[in-house]
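Undergrad: Take this structure, written in structure tokens, and hold onto it; I'll ask about it next.
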Amino acid sequence: MFNFVQAQKFKDAVTFVPNKTEPIHNWFYYKEGFSKQLADFFIKQFNLTNTSLVFDPFMGTGTTLLSCKQQSISSIGIDVNPLLVFVSKVKTTDYDLVSLEEIVKKAGSWKFERPKDIPKDPFYKKAFSRFSLEDMVFLRNKIGEIEKPEEREFLLLALIDSAVKGSYTYKDGAVLKIFKNPRPPVRKLFKNKIHRMLKDLQRNPLPKAIAKAEDGDARSLQLKDEIVDAVITSPPYLNKIEYTKVYRLENSLLGLNSQPMLPSHIGSKAERTIEGLESLPIAAQTYFADMSLVLAELHRVCKPSAQLAVVVGGGCFPTQAVNADEILASTAEKTGFNVESILVARNSWCTRARTIKVGQIRESIIILRKP
Ligand SMILES: C[S@@+](CC[C@H](N)C(=O)[O-])C[C@H]1O[C@@H](n2cnc3c(N)ncnc32)[C@H](O)[C@@H]1O
């Protein structure tokens, strides 16, 4: 029924991997993100210019916002996860580079003093060597003394990345695990990171285009009607709720709690369902019910002729494979969008007990237009 197009050329671009070598985009590794290359492709495809406004309702680490800003295009993004809003903000802020260079120089030569306020939480004892924990607390205290909020946050992001890399923790799916192998000192990681981040900004100065990164829920937007020219986004994939517990270390450095799950995360509540999908697992019904609210909101805020690229992934359930692209495309159509095509970037198998094939799922990009 829909125009499915095999588009394996996007198979890497729908992942975060290409961002690993992209200045600024690589300041924070985010497994669920997509790449600058993907955002750039649709910026070009949709003929966006410096008079356009792009919106990303599932901003994550701000790949869409930063890619737009790099091309002088204004953008707005929201996310329910405050850690990711913080990361997106730091990556898209307009810094005073002269002042930032001074701060980075100063921070690079801070003279270490053993901190007295080492946290008693047994998690920290497990997560760090004594030296790394002392480094982390010392640096966090010093950063707290920095006057300008944007410079404080710049250094804090560097510390978050360095603390994670210098800790014994690693993320294994939804679980944070501890593996006591030798780690580089946090102090050294931090020093390298701040110099690299500064260099990124000096070599690739960001144009002054608006990039507004805010907390928000994609199911009820705080935006006015018909102001958005294009949407480049990727909602959480079906059956892949993000457990914020794995960001415990990052969150604690920001003073945030790590709830097991964010209450307004798409698909996290079990009470809403959608007609015609009763045969699907409850988790899938909830996901599509939430996404129908999002699509209705996107329809409201988009200008006529606005174009949307929505990267989605199917979900594996014990008894069936559910392809999100087709169901979301028909919901979008019912909401009033035209479905121009579904670009299939990847196919993969769902298996049970490791070997029994349950069905195939797709990772695709749904291309929509508001008539
Ligand atoms: C696949 S990730 C997006 C990644 C992003 N494209 C990037 O490159 O970093 C999906 C994001 O949706 C966010 N999210 C989940 N439920 C949401 C909701 N109700 N409103 C807004 N954001 C939500 C998650 O926190 C996550 O950051």
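Chain labels run A, B, ... following the order of the structure tokens; each chain numbers its residues from 1, and ligands are numbered from 1 in the order shown.
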May I have all residues of region 9-189 of chain A that DSSP, computed from the backbone, assigns to alpha helix (DSSP H), given as a VMD selection string?

TA: chain A and resid 36 to 45 63 to 70 82 to 92 97 to 108 122 to 127 130 to 144 149 to 166 186 to 189

Undergrad: Selection from above, C-alpha atoms, as an mmCIF file, in the first residue's frame, can you write it?

TA:
```cif
data_model
loop_
_atom_site.group_PDB
_atom_site.id
_atom_site.type_symbol
_atom_site.label_atom_id
_atom_site.label_comp_id
_atom_site.auth_asym_id
_atom_site.auth_seq_id
_atom_site.Cartn_x
_atom_site.Cartn_y
_atom_site.Cartn_z
ATOM 1 C CA LYS A 36 24.830 14.299 11.178
ATOM 2 C CA GLN A 37 24.967 12.751 7.689
ATOM 3 C CA LEU A 38 21.331 11.724 7.959
ATOM 4 C CA ALA A 39 20.226 15.166 9.169
ATOM 5 C CA ASP A 40 22.305 16.833 6.416
ATOM 6 C CA PHE A 41 20.741 14.600 3.768
ATOM 7 C CA PHE A 42 17.218 15.709 4.702
ATOM 8 C CA ILE A 43 18.204 19.360 5.158
ATOM 9 C CA LYS A 44 19.247 19.241 1.488
ATOM 10 C CA GLN A 45 16.407 17.014 0.310
ATOM 11 C CA THR A 63 21.967 15.859 16.185
ATOM 12 C CA THR A 64 19.239 17.609 14.189
ATOM 13 C CA LEU A 65 19.680 20.909 16.038
ATOM 14 C CA LEU A 66 23.457 20.967 15.706
ATOM 15 C CA SER A 67 23.376 19.962 12.014
ATOM 16 C CA CYS A 68 20.874 22.769 11.339
ATOM 17 C CA LYS A 69 22.905 25.321 13.277
ATOM 18 C CA GLN A 70 26.043 24.336 11.352
ATOM 19 C CA PRO A 82 16.915 16.260 31.181
ATOM 20 C CA LEU A 83 20.395 14.765 30.726
ATOM 21 C CA LEU A 84 19.945 14.794 26.944
ATOM 22 C CA VAL A 85 18.502 18.324 26.978
ATOM 23 C CA PHE A 86 21.638 19.390 28.862
ATOM 24 C CA VAL A 87 23.916 17.694 26.293
ATOM 25 C CA SER A 88 22.024 19.256 23.352
ATOM 26 C CA LYS A 89 22.249 22.710 24.933
ATOM 27 C CA VAL A 90 25.995 22.491 25.549
ATOM 28 C CA LYS A 91 26.563 21.354 21.935
ATOM 29 C CA THR A 92 24.549 24.217 20.435
ATOM 30 C CA LEU A 97 35.480 31.778 22.421
ATOM 31 C CA VAL A 98 38.015 34.236 23.869
ATOM 32 C CA SER A 99 36.579 33.867 27.349
ATOM 33 C CA LEU A 100 36.116 30.098 26.918
ATOM 34 C CA GLU A 101 39.760 29.689 25.931
ATOM 35 C CA GLU A 102 40.821 31.448 29.127
ATOM 36 C CA ILE A 103 38.612 29.215 31.260
ATOM 37 C CA VAL A 104 39.862 26.072 29.523
ATOM 38 C CA LYS A 105 43.474 27.145 30.095
ATOM 39 C CA LYS A 106 42.707 27.832 33.746
ATOM 40 C CA ALA A 107 40.873 24.522 34.214
ATOM 41 C CA GLY A 108 43.738 22.683 32.522
ATOM 42 C CA PRO A 122 28.583 2.608 47.939
ATOM 43 C CA PHE A 123 27.876 2.970 44.197
ATOM 44 C CA TYR A 124 30.764 5.427 43.861
ATOM 45 C CA LYS A 125 33.094 3.111 45.750
ATOM 46 C CA LYS A 126 32.275 0.373 43.267
ATOM 47 C CA ALA A 127 32.299 2.617 40.220
ATOM 48 C CA ARG A 130 39.898 5.996 44.978
ATOM 49 C CA PHE A 131 42.044 8.308 42.814
ATOM 50 C CA SER A 132 39.450 8.707 40.082
ATOM 51 C CA LEU A 133 36.713 9.376 42.622
ATOM 52 C CA GLU A 134 38.832 12.090 44.242
ATOM 53 C CA ASP A 135 39.582 13.588 40.826
ATOM 54 C CA MET A 136 35.908 13.629 39.945
ATOM 55 C CA VAL A 137 34.823 15.317 43.190
ATOM 56 C CA PHE A 138 37.669 17.830 43.014
ATOM 57 C CA LEU A 139 36.800 18.778 39.430
ATOM 58 C CA ARG A 140 33.085 18.950 40.147
ATOM 59 C CA ASN A 141 33.732 21.358 43.032
ATOM 60 C CA LYS A 142 36.061 23.536 40.938
ATOM 61 C CA ILE A 143 33.571 23.657 38.058
ATOM 62 C CA GLY A 144 30.904 24.781 40.525
ATOM 63 C CA PRO A 149 26.625 29.228 33.427
ATOM 64 C CA GLU A 150 27.432 28.287 29.810
ATOM 65 C CA GLU A 151 31.130 27.844 30.630
ATOM 66 C CA ARG A 152 30.264 25.841 33.739
ATOM 67 C CA GLU A 153 28.040 23.566 31.657
ATOM 68 C CA PHE A 154 30.700 23.190 28.949
ATOM 69 C CA LEU A 155 33.183 21.943 31.572
ATOM 70 C CA LEU A 156 30.525 19.807 33.251
ATOM 71 C CA LEU A 157 29.817 17.952 30.010
ATOM 72 C CA ALA A 158 33.550 17.289 29.665
ATOM 73 C CA LEU A 159 33.630 16.013 33.245
ATOM 74 C CA ILE A 160 30.613 13.766 32.676
ATOM 75 C CA ASP A 161 32.306 12.171 29.672
ATOM 76 C CA SER A 162 35.640 11.855 31.499
ATOM 77 C CA ALA A 163 34.069 10.431 34.673
ATOM 78 C CA VAL A 164 32.253 7.754 32.648
ATOM 79 C CA LYS A 165 35.414 6.851 30.729
ATOM 80 C CA GLY A 166 37.504 6.835 33.908
ATOM 81 C CA VAL A 186 39.733 11.159 35.282
ATOM 82 C CA ARG A 187 41.942 14.238 35.658
ATOM 83 C CA LYS A 188 43.886 13.401 32.495
ATOM 84 C CA LEU A 189 40.768 12.497 30.501
#
```

Undergrad: Within 8 Å of ligand 1, counting only C-alpha atoms and all ligand atoms, which protein or nucleic acid residues do you find, written as JSON, numbers by chain?

TA: {"A": [16, 30, 32, 33, 34, 35, 36, 56, 57, 58, 59, 60, 61, 62, 63, 64, 78, 79, 80, 81, 84, 215, 216, 217, 218, 219, 233, 234, 235, 236, 237, 241, 242, 262, 264, 265, 266, 267, 290]}

Undergrad: Could you list, with a cut-off of 10 Å and counting only C-alpha atoms, the residues of region 52-148 of chain A near region 299-318 of chain A, each shown with its nearest atom pair and the distance in Å rounded to one decimal, rows sorted by chain and ascending number, as JSON lines?

TA:
```
{"residue": "A:Leu53", "atom": "CA", "partner": "A:Cys302", "partner_atom": "CA", "distance": 9.8}
{"residue": "A:Val54", "atom": "CA", "partner": "A:Leu308", "partner_atom": "CA", "distance": 9.5}
{"residue": "A:Phe55", "atom": "CA", "partner": "A:Cys302", "partner_atom": "CA", "distance": 9.0}
{"residue": "A:Asp56", "atom": "CA", "partner": "A:Val310", "partner_atom": "CA", "distance": 9.6}
```

Undergrad: Which residue gives the smallest distance to Lys177 (chain A) among A:Phe2, A:Trp110, A:Tyr247, A:Tyr287, with only C-alpha atoms counted?

TA: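 Of all the options, A:Tyr247 lies closest to Lys177 (chain A).
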
Undergrad: Work out how far CA of Lys240 (chain A) is from CA of Arg352 (chain A), in Å to one decimal.

TA: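 Interatomic distance, CA of Arg352 (chain A) to CA of Lys240 (chain A): 16.7 Å.
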
Undergrad: When DSSP works through the backbone of this structure, what residues of region 214-363 of chain A end up as strand (DSSP E), shown as a PyMOL selection string?

TA: chain A and resi 214-215+228-233+302-313+315-316+321-322+338-352+356-363

Undergrad: Find, counting only C-alpha atoms, the residue in A:Leu176, A:Ile194, A:Leu277, A:Leu298 that gets nearest to Ala332 (chain A).

TA: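 Result for the nearest residue to Ala332 (chain A): A:Leu298.
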
Undergrad: I'd like the contact shell of region 71-73 of chain A - 7 Å cut-off, only C-alpha atoms, skipping same-chain residues fewer than 3 positions apart - returned as a ChimeraX atom specification.

TA: /A:49-53,67-68,207-209

Undergrad: I'd like the interatomic distance between CA of Pro119 (chain A) and CA of Asn251 (chain A), to a tenth of an Å.

TA: 14.7 Å

Undergrad: With a distance cut-off of 12 Å and only C-alpha atoms, select the neighbouring residues of Asn323 (chain A), excluding the residue or stretch itself and same-chain residues fewer than 5 positions from it, and output the selection as a ChimeraX atom specification.

TA: /A:237-239,280,284,288,312-317,328-330,342,344,347-350,359-364

Undergrad: Atoms to include: N, CA, C and O atoms. Write the selected residues as a tab-separated table (two decimals), in the first residue's frame.

TA:
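The file below, result_29.tsv, is the result:
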```tsv
chain	number	residue	atom	x	y	z
A	237	TYR	N	12.59	3.62	19.55
A	237	TYR	CA	12.13	2.49	18.75
A	237	TYR	C	11.15	1.64	19.55
A	237	TYR	O	11.22	1.60	20.78
A	238	LEU	N	10.23	1.00	18.83
A	238	LEU	CA	9.21	0.17	19.47
A	238	LEU	C	9.89	-0.87	20.37
A	238	LEU	O	10.85	-1.53	19.96
A	239	ASN	N	9.35	-1.01	21.58
A	239	ASN	CA	9.86	-2.00	22.55
A	239	ASN	C	11.27	-1.69	23.05
A	239	ASN	O	11.96	-2.57	23.52
A	280	LEU	N	-2.16	-6.77	18.83
A	280	LEU	CA	-0.73	-6.56	19.13
A	280	LEU	C	-0.46	-6.67	20.64
A	280	LEU	O	-1.37	-6.45	21.43
A	284	ALA	N	3.03	-2.69	22.52
A	284	ALA	CA	2.99	-2.11	21.17
A	284	ALA	C	1.77	-1.21	21.03
A	284	ALA	O	1.84	-0.12	20.46
A	288	PHE	N	1.90	2.78	20.03
A	288	PHE	CA	1.24	3.39	18.87
A	288	PHE	C	0.19	4.42	19.30
A	288	PHE	O	-0.05	5.41	18.60
A	312	VAL	N	12.30	5.25	12.24
A	312	VAL	CA	11.63	4.35	13.19
A	312	VAL	C	12.17	2.92	13.07
A	312	VAL	O	12.72	2.54	12.04
A	313	GLY	N	11.99	2.17	14.15
A	313	GLY	CA	12.43	0.78	14.14
A	313	GLY	C	11.33	-0.12	14.63
A	313	GLY	O	10.57	0.25	15.53
A	314	GLY	N	11.24	-1.30	14.04
A	314	GLY	CA	10.25	-2.29	14.48
A	314	GLY	C	10.66	-2.89	15.81
A	314	GLY	O	11.76	-2.66	16.30
A	315	GLY	N	9.73	-3.70	16.39
A	315	GLY	CA	10.01	-4.27	17.71
A	315	GLY	C	9.86	-5.79	17.71
A	315	GLY	O	8.99	-6.35	17.02
A	316	CYS	N	10.72	-6.44	18.47
A	316	CYS	CA	10.64	-7.90	18.63
A	316	CYS	C	9.88	-8.23	19.90
A	316	CYS	O	10.20	-7.69	20.97
A	317	PHE	N	8.87	-9.07	19.79
A	317	PHE	CA	8.13	-9.56	20.94
A	317	PHE	C	8.24	-11.09	20.94
A	317	PHE	O	8.56	-11.67	19.89
A	328	LEU	N	2.76	3.25	11.75
A	328	LEU	CA	2.89	4.71	11.96
A	328	LEU	C	2.52	5.48	10.69
A	328	LEU	O	1.91	6.54	10.76
A	329	ALA	N	2.88	4.91	9.53
A	329	ALA	CA	2.53	5.58	8.27
A	329	ALA	C	1.01	5.64	8.12
A	329	ALA	O	0.45	6.67	7.73
A	330	SER	N	0.30	4.55	8.47
A	330	SER	CA	-1.16	4.64	8.30
A	330	SER	C	-1.78	5.55	9.35
A	330	SER	O	-2.75	6.26	9.04
A	342	ILE	N	8.53	5.19	2.20
A	342	ILE	CA	9.15	4.60	3.39
A	342	ILE	C	10.49	4.04	2.93
A	342	ILE	O	10.55	3.10	2.13
A	344	VAL	N	13.68	2.01	3.43
A	344	VAL	CA	14.08	0.92	4.32
A	344	VAL	C	15.61	0.86	4.41
A	344	VAL	O	16.28	0.53	3.45
A	347	ASN	N	17.19	-4.36	7.55
A	347	ASN	CA	16.27	-5.45	7.91
A	347	ASN	C	16.98	-6.31	8.93
A	347	ASN	O	18.18	-6.53	8.81
A	348	SER	N	16.24	-6.81	9.92
A	348	SER	CA	16.89	-7.77	10.83
A	348	SER	C	15.86	-8.78	11.33
A	348	SER	O	14.65	-8.55	11.22
A	349	TRP	N	16.36	-9.90	11.85
A	349	TRP	CA	15.47	-10.97	12.31
A	349	TRP	C	15.22	-10.85	13.80
A	349	TRP	O	16.12	-10.52	14.56
A	350	CYS	N	13.97	-11.15	14.20
A	350	CYS	CA	13.68	-11.33	15.61
A	350	CYS	C	13.81	-12.82	15.88
A	350	CYS	O	13.25	-13.63	15.14
A	359	GLY	N	10.30	-13.52	13.13
A	359	GLY	CA	9.88	-12.66	12.01
A	359	GLY	C	10.92	-11.58	11.76
A	359	GLY	O	11.87	-11.46	12.51
A	360	GLN	N	10.70	-10.82	10.69
A	360	GLN	CA	11.67	-9.78	10.33
A	360	GLN	C	11.16	-8.40	10.71
A	360	GLN	O	9.97	-8.13	10.60
A	361	ILE	N	12.09	-7.54	11.15
A	361	ILE	CA	11.70	-6.14	11.37
A	361	ILE	C	12.57	-5.21	10.52
A	361	ILE	O	13.67	-5.56	10.13
A	362	ARG	N	12.00	-4.03	10.30
A	362	ARG	CA	12.71	-3.03	9.48
A	362	ARG	C	13.09	-1.81	10.32
A	362	ARG	O	12.39	-1.48	11.28
A	363	GLU	N	14.16	-1.17	9.91
A	363	GLU	CA	14.52	0.15	10.44
A	363	GLU	C	14.35	1.06	9.23
A	363	GLU	O	15.02	0.84	8.21
A	364	SER	N	13.45	2.02	9.31
A	364	SER	CA	13.13	2.80	8.12
A	364	SER	C	12.95	4.28	8.41
A	364	SER	O	12.86	4.68	9.57
```
